[in-house]
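**Q** Provided herewith: final36.pdb, PDB, C-alpha atoms.
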ATOM      1  CA  MET L   1      14.166-100.605  75.632
ATOM      2  CA  ARG L   2      16.119-103.347  73.878
ATOM      3  CA  LEU L   3      17.151-106.310  75.996
ATOM      4  CA  PRO L   4      20.735-107.547  75.696
ATOM      5  CA  GLY L   5      21.547-110.663  73.700
ATOM      6  CA  MET L   6      18.673-113.102  73.426
ATOM      7  CA  LEU L   7      17.093-112.209  76.778
ATOM      8  CA  HIS L   8      13.763-111.536  75.034
ATOM      9  CA  TYR L   9      13.545-115.319  74.510
ATOM     10  CA  GLY L  10      12.818-115.448  78.234
ATOM     11  CA  LEU L  11       9.216-114.791  77.203
ATOM     12  CA  ILE L  12       9.092-118.417  76.020
ATOM     13  CA  GLY L  13      10.120-119.415  79.533
ATOM     14  CA  LEU L  14       7.379-117.221  80.962
ATOM     15  CA  LEU L  15       4.841-118.923  78.685
ATOM     16  CA  VAL L  16       6.039-122.353  79.882
ATOM     17  CA  LEU L  17       5.783-121.199  83.512
ATOM     18  CA  VAL L  18       2.205-119.950  83.051
ATOM     19  CA  LEU L  19       1.070-123.045  81.128
ATOM     20  CA  ASP L  20       2.701-125.304  83.711
ATOM     21  CA  GLN L  21       1.039-123.575  86.653
ATOM     22  CA  LEU L  22      -2.376-123.478  84.936
ATOM     23  CA  THR L  23      -2.294-127.214  84.164
ATOM     24  CA  LYS L  24      -1.152-128.085  87.689
ATOM     25  CA  ALA L  25      -3.888-125.902  89.215
ATOM     26  CA  TRP L  26      -6.449-127.647  86.999
ATOM     27  CA  VAL L  27      -5.219-131.084  88.121
ATOM     28  CA  ARG L  28      -5.257-130.106  91.816
ATOM     29  CA  ALA L  29      -8.773-128.647  91.445
ATOM     30  CA  THR L  30     -10.337-131.522  89.505
ATOM     31  CA  MET L  31      -8.567-134.679  90.696
ATOM     32  CA  MET L  32      -8.033-136.195  94.090
ATOM     33  CA  LEU L  33      -4.467-137.049  95.046
ATOM     34  CA  GLY L  34      -3.712-140.500  93.621
ATOM     35  CA  GLU L  35      -6.652-140.437  91.210
ATOM     36  CA  ARG L  36      -5.959-141.883  87.771
ATOM     37  CA  ILE L  37      -7.915-141.368  84.549
ATOM     38  CA  GLU L  38      -7.142-143.554  81.532
ATOM     39  CA  LEU L  39      -7.037-141.473  78.341
ATOM     40  CA  LEU L  40      -5.452-143.960  75.936
ATOM     41  CA  PRO L  41      -4.042-147.463  76.320
ATOM     42  CA  VAL L  42      -0.611-145.809  76.781
ATOM     43  CA  LEU L  43      -1.529-142.501  78.471
ATOM     44  CA  SER L  44      -3.215-141.553  81.735
ATOM     45  CA  TRP L  45      -3.729-138.530  83.954
ATOM     46  CA  LEU L  46      -2.484-139.318  87.451
ATOM     47  CA  HIS L  47      -2.435-136.756  90.252
ATOM     48  CA  VAL L  48       0.723-137.235  92.318
ATOM     49  CA  GLU L  49       2.893-134.929  94.398
ATOM     50  CA  ASN L  50       6.667-135.427  94.186
ATOM     51  CA  THR L  51       8.884-134.067  96.969
ATOM     52  CA  GLY L  52      12.003-135.226  95.121
ATOM     53  CA  ALA L  53      13.475-134.491  91.735
ATOM     54  CA  ALA L  54      13.294-136.467  88.483
ATOM     55  CA  PHE L  55      12.268-140.088  88.985
ATOM     56  CA  SER L  56      11.476-139.172  92.646
ATOM     57  CA  PHE L  57      15.205-138.806  93.359
ATOM     58  CA  LEU L  58      15.613-137.835  97.045
ATOM     59  CA  ALA L  59      11.836-137.940  97.635
ATOM     60  CA  ASP L  60      12.347-139.683 100.987
ATOM     61  CA  ALA L  61      15.261-137.513 102.139
ATOM     62  CA  GLY L  62      13.407-136.023 105.112
ATOM     63  CA  GLY L  63      12.607-132.496 103.893
ATOM     64  CA  TRP L  64      15.989-130.837 103.392
ATOM     65  CA  GLN L  65      15.776-131.606  99.661
ATOM     66  CA  ARG L  66      12.995-129.039  99.218
ATOM     67  CA  TRP L  67      15.341-126.146 100.000
ATOM     68  CA  PHE L  68      18.231-127.750  98.161
ATOM     69  CA  PHE L  69      16.130-127.903  94.976
ATOM     70  CA  VAL L  70      14.856-124.338  95.568
ATOM     71  CA  VAL L  71      18.411-122.979  95.779
ATOM     72  CA  LEU L  72      19.491-125.097  92.806
ATOM     73  CA  ALA L  73      16.572-123.848  90.677
ATOM     74  CA  LEU L  74      17.222-120.219  91.619
ATOM     75  CA  ALA L  75      20.945-120.459  90.832
ATOM     76  CA  PHE L  76      20.364-122.325  87.578
ATOM     77  CA  SER L  77      17.631-119.896  86.491
ATOM     78  CA  ALA L  78      19.929-116.938  87.166
ATOM     79  CA  TRP L  79      22.660-118.618  85.102
ATOM     80  CA  LEU L  80      20.209-119.265  82.233
ATOM     81  CA  LEU L  81      19.125-115.610  82.214
ATOM     82  CA  TRP L  82      22.776-114.541  82.188
ATOM     83  CA  GLU L  83      23.495-116.939  79.310
ATOM     84  CA  LEU L  84      20.502-115.630  77.357
ATOM     85  CA  SER L  85      21.771-112.073  77.813
ATOM     86  CA  ARG L  86      25.177-113.101  76.388
ATOM     87  CA  LEU L  87      23.981-115.051  73.328
ATOM     88  CA  PRO L  88      24.578-113.255  70.047
ATOM     89  CA  GLN L  89      21.471-112.253  68.092
ATOM     90  CA  GLN L  90      22.486-114.207  64.999
ATOM     91  CA  GLY L  91      22.832-117.963  64.710
ATOM     92  CA  GLN L  92      21.830-118.883  68.252
ATOM     93  CA  ARG L  93      18.028-118.817  68.150
ATOM     94  CA  LEU L  94      17.617-122.557  68.678
ATOM     95  CA  LEU L  95      19.981-122.485  71.651
ATOM     96  CA  ALA L  96      18.060-119.523  73.081
ATOM     97  CA  ILE L  97      14.824-121.505  72.752
ATOM     98  CA  GLY L  98      16.453-124.429  74.575
ATOM     99  CA  HIS L  99      17.597-122.112  77.375
ATOM    100  CA  ALA L 100      14.129-120.560  77.626
ATOM    101  CA  LEU L 101      12.374-123.947  77.809
ATOM    102  CA  VAL L 102      14.659-125.146  80.597
ATOM    103  CA  LEU L 103      14.246-121.806  82.389
ATOM    104  CA  GLY L 104      10.442-121.969  82.261
ATOM    105  CA  GLY L 105      10.426-125.565  83.442
ATOM    106  CA  ALA L 106      12.811-124.862  86.310
ATOM    107  CA  LEU L 107      10.698-121.910  87.428
ATOM    108  CA  GLY L 108       7.451-123.898  87.111
ATOM    109  CA  ASN L 109       8.697-126.604  89.457
ATOM    110  CA  LEU L 110      10.289-123.965  91.713
ATOM    111  CA  VAL L 111       6.893-122.330  92.267
ATOM    112  CA  ASP L 112       5.456-125.694  93.374
ATOM    113  CA  ARG L 113       8.319-126.310  95.802
ATOM    114  CA  LEU L 114       7.996-122.841  97.311
ATOM    115  CA  LEU L 115       4.211-122.965  97.686
ATOM    116  CA  SER L 116       3.614-126.566  98.730
ATOM    117  CA  GLY L 117       6.958-128.330  99.143
ATOM    118  CA  ALA L 118       6.172-130.797  96.351
ATOM    119  CA  VAL L 119       5.842-130.756  92.562
ATOM    120  CA  THR L 120       2.507-131.736  91.035
ATOM    121  CA  ASP L 121       2.907-134.376  88.329
ATOM    122  CA  PHE L 122       0.044-135.684  86.221
ATOM    123  CA  VAL L 123       1.084-137.171  82.867
ATOM    124  CA  LEU L 124       1.636-140.933  83.024
ATOM    125  CA  VAL L 125       2.964-142.778  79.975
ATOM    126  CA  HIS L 126       2.892-146.564  80.125
ATOM    127  CA  TRP L 127       3.001-149.693  78.016
ATOM    128  CA  ARG L 128       1.395-152.776  79.551
ATOM    129  CA  ASP L 129       3.196-153.164  82.909
ATOM    130  CA  ALA L 130       6.014-150.711  82.090
ATOM    131  CA  TYR L 131       5.536-147.201  83.480
ATOM    132  CA  PHE L 132       7.525-144.039  82.890
ATOM    133  CA  PRO L 133       7.512-141.786  85.988
ATOM    134  CA  ALA L 134       4.700-139.221  86.003
ATOM    135  CA  PHE L 135       5.673-135.761  84.793
ATOM    136  CA  ASN L 136       4.241-132.311  84.039
ATOM    137  CA  VAL L 137       4.543-129.439  81.540
ATOM    138  CA  ALA L 138       7.664-128.078  83.283
ATOM    139  CA  ASP L 139       9.384-131.465  83.096
ATOM    140  CA  ALA L 140       8.502-131.790  79.411
ATOM    141  CA  ALA L 141       9.911-128.308  78.685
ATOM    142  CA  ILE L 142      13.126-129.122  80.554
ATOM    143  CA  THR L 143      13.479-132.355  78.574
ATOM    144  CA  VAL L 144      12.917-130.673  75.197
ATOM    145  CA  GLY L 145      15.269-127.830  76.150
ATOM    146  CA  ALA L 146      17.977-130.298  77.187
ATOM    147  CA  ALA L 147      17.494-132.214  73.932
ATOM    148  CA  ILE L 148      18.034-128.955  72.039
ATOM    149  CA  TRP L 149      21.258-128.358  74.005
ATOM    150  CA  ILE L 150      22.491-131.838  73.089
ATOM    151  CA  LEU L 151      21.544-131.326  69.448
ATOM    152  CA  MET L 152      23.329-127.969  69.332
ATOM    153  CA  ALA L 153      26.431-129.436  70.989
ATOM    154  CA  PHE L 154      26.452-132.249  68.436
ATOM    155  CA  ILE L 155      26.066-129.821  65.526
ATOM    156  CA  ASP L 156      28.865-127.651  66.926
ATOM    157  CA  TRP L 157      31.090-130.717  67.379
ATOM    158  CA  ARG L 158      30.423-131.852  63.800
ATOM    159  CA  GLN L 159      31.227-128.394  62.434
ATOM    160  CA  GLN L 160      34.467-128.170  64.402
ATOM    161  CA  ARG L 161      35.417-131.679  63.329
ATOM    162  CA  SER L 162      34.851-130.932  59.637
ATOM    163  CA  ASP L 163      36.531-127.510  59.804
ATOM    164  CA  PRO L 164      39.283-127.453  62.486
ATOM    165  CA  ALA L 165      40.307-123.943  61.411
ATOM    166  CA  ALA L 166      36.906-122.599  62.549
ATOM    167  CA  SER L 167      37.646-123.258  66.244
TER     168      SER L 167
END
Just dump the structure as structure tokens.

**A**
Amino acid sequence: MRLPGMLHYGLIGLLVLVLDQLTKAWVRATMMLGERIELLPVLSWLHVENTGAAFSFLADAGGWQRWFFVVLALAFSAWLLWELSRLPQQGQRLLAIGHALVLGGALGNLVDRLLSGAVTDFVLVHWRDAYFPAFNVADAAITVGAAIWILMAFIDWRQQRSDPAAS
């Protein structure tokens, strides 16, 4: 059976989901909550649980945010699958990869929210006293996928700007 459009790229999302859940399970099994292990002068493992979104947005909202983010992730994931099914086979591979990365990341964090109400984060990047918020494989995939979307939008904009007849 042949899947419509670029839906087969969803396998990349599945790979991200599995890798994300395996790494989070490893962190939960081997590190105590709040434990930090220095790996490099700029990189640490840090086991934290985030009930909010990026940068702990809405982490102290009282609990309703869990279900808000669950519904948001489900709706967005459904939209991404629909978009993948509509992408033409030719010329859109990079965009399909971006969609799949965001899809896998959204589903990885969704699983955490459904099972425990919080997302496990463990990668901490820092420089001296400056710290980037801790993140995980799902967050990294979402970031790379979003960067691909921005890149593709820029390329499309440049092409339309140089050839107005193409739009």

**Q** Do you know which residues are at most 8 Å from segment 31-34 of chain L counting only C-alpha atoms, after dropping those on the same chain fewer than 4 positions away, and could you put them as a PyMOL selection string?

**A** chain L and resi 27+46-49

**Q** Given the PyMOL selection byres ((chain L and resi 94-108) around 7) and the file above, list the residues it selects as an mmCIF file with C-alpha atoms, in the coordinates of the input.

**A**
data_model
loop_
_atom_site.group_PDB
_atom_site.id
_atom_site.type_symbol
_atom_site.label_atom_id
_atom_site.label_comp_id
_atom_site.auth_asym_id
_atom_site.auth_seq_id
_atom_site.Cartn_x
_atom_site.Cartn_y
_atom_site.Cartn_z
ATOM 1 C CA MET L 6 18.673 -113.102 73.426
ATOM 2 C CA TYR L 9 13.545 -115.319 74.510
ATOM 3 C CA GLY L 10 12.818 -115.448 78.234
ATOM 4 C CA ILE L 12 9.092 -118.417 76.020
ATOM 5 C CA GLY L 13 10.120 -119.415 79.533
ATOM 6 C CA LEU L 14 7.379 -117.221 80.962
ATOM 7 C CA VAL L 16 6.039 -122.353 79.882
ATOM 8 C CA LEU L 17 5.783 -121.199 83.512
ATOM 9 C CA ASP L 20 2.701 -125.304 83.711
ATOM 10 C CA GLN L 21 1.039 -123.575 86.653
ATOM 11 C CA ALA L 73 16.572 -123.848 90.677
ATOM 12 C CA SER L 77 17.631 -119.896 86.491
ATOM 13 C CA LEU L 80 20.209 -119.265 82.233
ATOM 14 C CA LEU L 84 20.502 -115.630 77.357
ATOM 15 C CA GLN L 92 21.830 -118.883 68.252
ATOM 16 C CA ARG L 93 18.028 -118.817 68.150
ATOM 17 C CA ASN L 109 8.697 -126.604 89.457
ATOM 18 C CA LEU L 110 10.289 -123.965 91.713
ATOM 19 C CA VAL L 111 6.893 -122.330 92.267
ATOM 20 C CA ASP L 112 5.456 -125.694 93.374
ATOM 21 C CA ALA L 138 7.664 -128.078 83.283
ATOM 22 C CA ASP L 139 9.384 -131.465 83.096
ATOM 23 C CA ALA L 141 9.911 -128.308 78.685
ATOM 24 C CA ILE L 142 13.126 -129.122 80.554
ATOM 25 C CA GLY L 145 15.269 -127.830 76.150
ATOM 26 C CA ALA L 146 17.977 -130.298 77.187
ATOM 27 C CA ILE L 148 18.034 -128.955 72.039
ATOM 28 C CA TRP L 149 21.258 -128.358 74.005
ATOM 29 C CA MET L 152 23.329 -127.969 69.332
#

**Q** Might you spell out which residues the PyMOL selection byres ((chain L and resi 40) around 12) would select in the displayed file, as an MDAnalysis selection string?

**A** chainID L and resid 37:39 41:45 123:128

**Q** Could the residues in this selection be written to a file with C-alpha atoms, as a PDB file, in the coordinates of the input?

**A**
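Output file out-v4.pdb is given in full below:
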ATOM      1  CA  ILE L  37      -7.915-141.368  84.549  1.00  0.00           C
ATOM      2  CA  GLU L  38      -7.142-143.554  81.532  1.00  0.00           C
ATOM      3  CA  LEU L  39      -7.037-141.473  78.341  1.00  0.00           C
ATOM      4  CA  PRO L  41      -4.042-147.463  76.320  1.00  0.00           C
ATOM      5  CA  VAL L  42      -0.611-145.809  76.781  1.00  0.00           C
ATOM      6  CA  LEU L  43      -1.529-142.501  78.471  1.00  0.00           C
ATOM      7  CA  SER L  44      -3.215-141.553  81.735  1.00  0.00           C
ATOM      8  CA  TRP L  45      -3.729-138.530  83.954  1.00  0.00           C
ATOM      9  CA  VAL L 123       1.084-137.171  82.867  1.00  0.00           C
ATOM     10  CA  LEU L 124       1.636-140.933  83.024  1.00  0.00           C
ATOM     11  CA  VAL L 125       2.964-142.778  79.975  1.00  0.00           C
ATOM     12  CA  HIS L 126       2.892-146.564  80.125  1.00  0.00           C
ATOM     13  CA  TRP L 127       3.001-149.693  78.016  1.00  0.00           C
ATOM     14  CA  ARG L 128       1.395-152.776  79.551  1.00  0.00           C
TER      15      ARG L 128
END

**Q** What gap, in Å, lies between atom CA of Val137 of chain L and atom CA of Arg28 of chain L?

**A** 14.2 Å

**Q** Tell me which of L:Arg113, L:Ala134, L:Glu83, L:Thr23 sits closest to Gln65 of chain L, counting only C-alpha atoms.

**A**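 Going through L:Arg113, L:Ala134, L:Glu83, L:Thr23 one by one, the smallest distance to Gln65 of chain L is for L:Arg113.
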
**Q** How many Å lie between atom CA of Gly5 of chain L and atom CA of Gln89 of chain L, rounded to one decimal?

**A**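 Atom CA of Gln89 of chain L lies 5.8 Å from atom CA of Gly5 of chain L.
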
**Q** Please, what distance in Å, to one decimal, runs between atom CA of Ala153 of chain L and atom CA of Trp82 of chain L?

**A**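 Calculated distance between atom CA of Ala153 of chain L and atom CA of Trp82 of chain L is 19.0 Å.
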
**Q** Mind telling me what the PyMOL selection byres ((chain L and resi 120) around 7) catches here, as a VMD selection string?

**A** chain L and resid 24 48 to 50 118 to 119 121 to 122

**Q** Hey, which of L:Val18, L:Thr143, L:Arg36, L:Gly117 ends up closest to Trp64 of chain L? Count all atoms listed in the file.

**A**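 Closest to Trp64 of chain L, using all atoms listed in the file: L:Gly117.
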
**Q** Give the answer as one residue: which of L:Leu81, L:Ala130, L:Leu74, L:Gly91 has the shortest atom-to-atom distance to Asp156 of chain L, using only C-alpha atoms?

**A**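 When distances to Asp156 of chain L are compared using only C-alpha atoms, the smallest one comes from L:Gly91.
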